[in-house]
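Q: Below you'll find the structure I mean.
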Amino acid sequence: MAKKNIYVSGINEIPVPKRNVEIVERKGIGHPDSVADALAEEVSRALSRMYINEYGHVLHHNTDETQIAAGESAPKFGGGSVIDPSYILLVGRTTTHVGEGKDCKSLPCKPVALKAARKYMKKTFPNLDTESEVVLDARFGMGSEDLTGVFKASANLANDTSFGVGYAPYSVTDKLVLKTEEYINGPLKKKLPESGQDVKVMASRVGNEVSLTVACAMVDKYIDDLAAYKSAVEQLRDAALDNALKVMGSHKVDVKLQVNTGDDFKRKVYYLTCTGMSQEMGDDGSVGRGNRCNGLITPFRPMSMEATSGKNPITHIGKIYNIMSKLIADEIAKGIGGDAEVRVRLLSQIGKPVSEPLSASIDIVAVGGDSDPRLPKWMYDAEAITANWLDDVDKVTELIIDGKVKTF
């Protein structure tokens with residue numbers, strides 16, 4: 001068996017969920033950065049399926065540079081209008097031609113990408129007219145020979161010297177942030193169509209008190225006047241708070257929740273939009289500037305700067321190792337239980353097998369974690385779990401292509 005370079009350590013430290021202060025953020029599905037992430041990933045998955053159908057395996061591509069330039073709008077109570085559409089550029093490297101000379105075959109990468117992007121937007125953003133309120137463009141070129149060469153040489157060779165990071169389990173603060181956004185952009189929409197898809201949730205926990213700040217773009221056509229706006233925001237606050245209390249369960253945490261704290265009624269400033277998305281005016285978006293692949297932004301936890309969405313699911317460490325790190329951390333944490341925090345960091349070396357990292361570091365963090373009598377078993381199990389995932393890189397690829405793991 002090839003050497004995995006796995007290093008497991010017990011760390012004597014207070015896990016983040018037990019510390020006095022914690023900050024967690026999530027940019028919801030309608031935030032411009034999340035829209036860019038989603039479109040990049042939808043395009044990558046569509047291209048991967050096309051390549052598999054044509055050749056039986058995924059070909060080299062990276063679509064992780066998608067950009068969104070905001071448009072201009074004039075929202076008003078009762079319904080305003082988009083004046084200048086937002087502009088979305090799907091950009092990256094794809095395998096557009098296979099073979100040489102008479103045997104060269106061209107592949108419809110741009111049409112496949114545009115179709116996937118439009119389908120996602122139509123399904124996800126019901127208040128956005130994808131025909132007139134957004135301009136969708138695509139610019140793809142072939143990758144450089146050094147990277148496509150690595151890809152051709154073996155579908156299991158790392159395309160970069162890079163690292164992935166994951167941790168587990170979620171803290172109650174993590175869960176509150178994630179489930180609050182998912183609730184507002186899920187079940188609440190049937191009860192409150194006034195709420196748009198651009199939702200951002202920020203949590204600040206100090207001791208046992210959690211302050212949730214929610215910014216939600218409200219949709220003007222469903223709101224007749226200022227009184228209706230205030231009522232809709234209040235309904236959103238009450239419903240989201242009730243959901244948060246359910247998420248908390250038996251955890252003894254006091255939750256305070258505020259919505260659209262930037263509103264200034266004296267100056268007639270409200271978070272009112274035509275489409276429920278701030279990209280309609282003044283808010284641009286880029287892949288990788290938002291949530292990590294666990295769906296959160298967590299400044300108190302280890303994080304990778306790599307964008308996960310849009311990278312190819314075969315050789316790109318920025319995707320594979322980030323997602324794999326989370327899967328490894330989840331499984332180890334489930335086995336350990338209790339208050340321990342698991343941190344996983346995987347480092348690759350370009351041109352080397354993805355299954356053989358240069359370093360695989362697993363930290364088991366707990367008070368007295370370096371001397372806990374259970375540490376030898378924890379270390380043994382953690383090493384075995386890590387080795388199993390590294391040997392099963394194809395499973396991670398399948399989960400990504402099938403859309404069964406988060407990338408943002």
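Within each chain, counting starts at residue 1; across the structure tokens, chains are named A, B, ... in the order shown, with ligands numbered 1 upward in that order.
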Among segment 149-387 of chain A, which residues does DSSP mark as strand (DSSP E) when it is run on the backbone? Keep the chain and numbering as in the structure and answer as a PyMOL selection string.
A: chain A and resi 163-168+195-206+209-219+254-259+272-273+285-286+341-347+359-366
Q: Which residues, written as an MDAnalysis selection string, have at least one atom at most 8 Å from segment 82-99 of chain A, with only C-alpha atoms counted and residues fewer than 2 positions away on the same chain left out?
A: chainID A and resid 39:40 59:75 80 101 103:109 113 132:143 274 279:281
Q: Can you tell me how far atom CA of Gly166 of chain A sits from atom CA of Glu398 of chain A, in Å to one decimal?
A: 19.1 Å
Q: Could you check the closest approach to Val405 of chain A for each of A:Met50, A:Val35, A:Leu327, A:Val112 and tell me which residue wins, using only C-alpha atoms?
A: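 So, comparing all the options, the nearest one is A:Leu327.
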Q: What lies within 8 Å of segment 315-323 of chain A using only C-alpha atoms, ignoring chain neighbours under 2 positions off, as a PyMOL selection string?
A: chain A and resi 151+155-166+293+304+306-309+311-313+325-327+346-348+354+396-397+405+407
Q: State, in Å with one decimal place, the distance from atom CA of Arg26 of chain A to atom CA of Val201 of chain A.
A: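 Result for atom CA of Arg26 of chain A versus atom CA of Val201 of chain A: 5.3 Å, one decimal.
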Q: Which residues come within 12 Å of Ile336 of chain A, counting only C-alpha atoms, excluding same-chain residues fewer than 6 positions away, as a list in words?
A: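 The neighbour list is Ala168, Pro169, Ala329, Asp330, Val342, Ile364, Val365, Ala366, Gly369, Asp372, Arg374, Leu375, Pro376, Lys377, Trp378, Met379, Tyr380, Asp381 and Ala382 of chain A.
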Q: What is the distance between atom CA of Gln197 of chain A and atom CA of Lys27 of chain A, in Å to one decimal?
A: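 Result for atom CA of Gln197 of chain A versus atom CA of Lys27 of chain A: 10.3 Å, one decimal.
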Q: Can you check which residues of segment 215-394 of chain A DSSP gives as alpha helix (DSSP H) on the backbone and send them as a VMD selection string?
A: chain A and resid 226 to 248 317 to 336 375 to 391 393 to 394
Q: Identify, on the basis of only C-alpha atoms, every residue whose closest approach to segment 296-298 of chain A does not exceed 6 Å; exclude the query and any residue fewer than 4 positions from it along the same chain; express the result as a PyMOL selection string.
A: chain A and resi 24-26+291-292
Q: Within 10 Å of Glu194 of chain A, counting only C-alpha atoms, which residues show up once you throw out same-chain ones fewer than 5 positions away? Write them as a CSV table (one decimal) with N, CA, C and O atoms, in the first residue's frame, please.
A:
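Writing done, so here's result-v4.csv:
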```csv
chain,number,residue,atom,x,y,z
A,188,LEU,N,-40.3,28.8,4.2
A,188,LEU,CA,-41.0,30.1,4.5
A,188,LEU,C,-41.5,30.7,3.2
A,188,LEU,O,-42.4,31.5,3.2
A,189,LYS,N,-40.9,30.4,2.0
A,189,LYS,CA,-41.3,31.0,0.8
A,189,LYS,C,-42.8,30.8,0.5
A,189,LYS,O,-43.4,31.7,-0.1
A,216,CYS,N,-32.4,40.2,4.3
A,216,CYS,CA,-33.2,39.6,3.3
A,216,CYS,C,-33.7,40.6,2.3
A,216,CYS,O,-34.4,41.5,2.7
A,217,ALA,N,-33.4,40.4,1.1
A,217,ALA,CA,-34.0,41.3,0.0
A,217,ALA,C,-35.5,41.0,-0.1
A,217,ALA,O,-35.9,39.9,-0.4
A,218,MET,N,-36.3,42.0,0.0
A,218,MET,CA,-37.7,41.9,-0.1
A,218,MET,C,-38.2,42.2,-1.5
A,218,MET,O,-37.6,43.0,-2.2
A,219,VAL,N,-39.2,41.5,-2.0
A,219,VAL,CA,-39.7,41.6,-3.3
A,219,VAL,C,-40.8,42.6,-3.4
A,219,VAL,O,-41.9,42.4,-2.9
A,220,ASP,N,-40.6,43.7,-4.2
A,220,ASP,CA,-41.5,44.8,-4.2
A,220,ASP,C,-42.9,44.6,-4.7
A,220,ASP,O,-43.9,45.1,-4.2
A,221,LYS,N,-43.0,43.7,-5.7
A,221,LYS,CA,-44.4,43.5,-6.3
A,221,LYS,C,-45.4,42.8,-5.3
A,221,LYS,O,-46.6,42.9,-5.5
A,222,TYR,N,-44.9,42.2,-4.2
A,222,TYR,CA,-45.8,41.6,-3.2
A,222,TYR,C,-46.0,42.6,-2.1
A,222,TYR,O,-46.7,42.2,-1.1
A,223,ILE,N,-45.5,43.8,-2.1
A,223,ILE,CA,-45.5,44.7,-1.0
A,223,ILE,C,-46.1,46.0,-1.4
A,223,ILE,O,-45.5,46.8,-2.2
A,228,ALA,N,-47.0,47.5,4.8
A,228,ALA,CA,-46.9,46.1,4.4
A,228,ALA,C,-45.4,45.6,4.5
A,228,ALA,O,-45.2,44.4,4.8
A,229,TYR,N,-44.5,46.4,4.2
A,229,TYR,CA,-43.1,46.1,4.3
A,229,TYR,C,-42.7,45.7,5.7
A,229,TYR,O,-42.1,44.7,6.0
A,232,ALA,N,-44.2,42.4,6.7
A,232,ALA,CA,-43.5,41.3,6.1
A,232,ALA,C,-42.2,41.0,6.8
A,232,ALA,O,-41.9,39.8,7.1
A,233,VAL,N,-41.4,42.1,7.1
A,233,VAL,CA,-40.2,41.9,7.9
A,233,VAL,C,-40.4,41.3,9.3
A,233,VAL,O,-39.7,40.4,9.7
A,236,LEU,N,-41.3,37.7,8.9
A,236,LEU,CA,-40.0,36.9,8.7
A,236,LEU,C,-39.2,36.7,10.0
A,236,LEU,O,-38.8,35.6,10.3
A,272,LEU,N,-35.5,46.8,-0.4
A,272,LEU,CA,-36.6,46.5,-1.4
A,272,LEU,C,-35.9,46.2,-2.7
A,272,LEU,O,-35.1,47.0,-3.2
A,276,GLY,N,-35.7,40.1,-5.7
A,276,GLY,CA,-35.3,39.4,-4.6
A,276,GLY,C,-33.8,39.1,-4.5
A,276,GLY,O,-33.3,38.3,-3.7
```
Q: I'd like the contact shell of Val21 of chain A - 7 Å cut-off, only C-alpha atoms, skipping same-chain residues fewer than 4 positions apart - returned as number ranges by chain.
A: A: 205-207
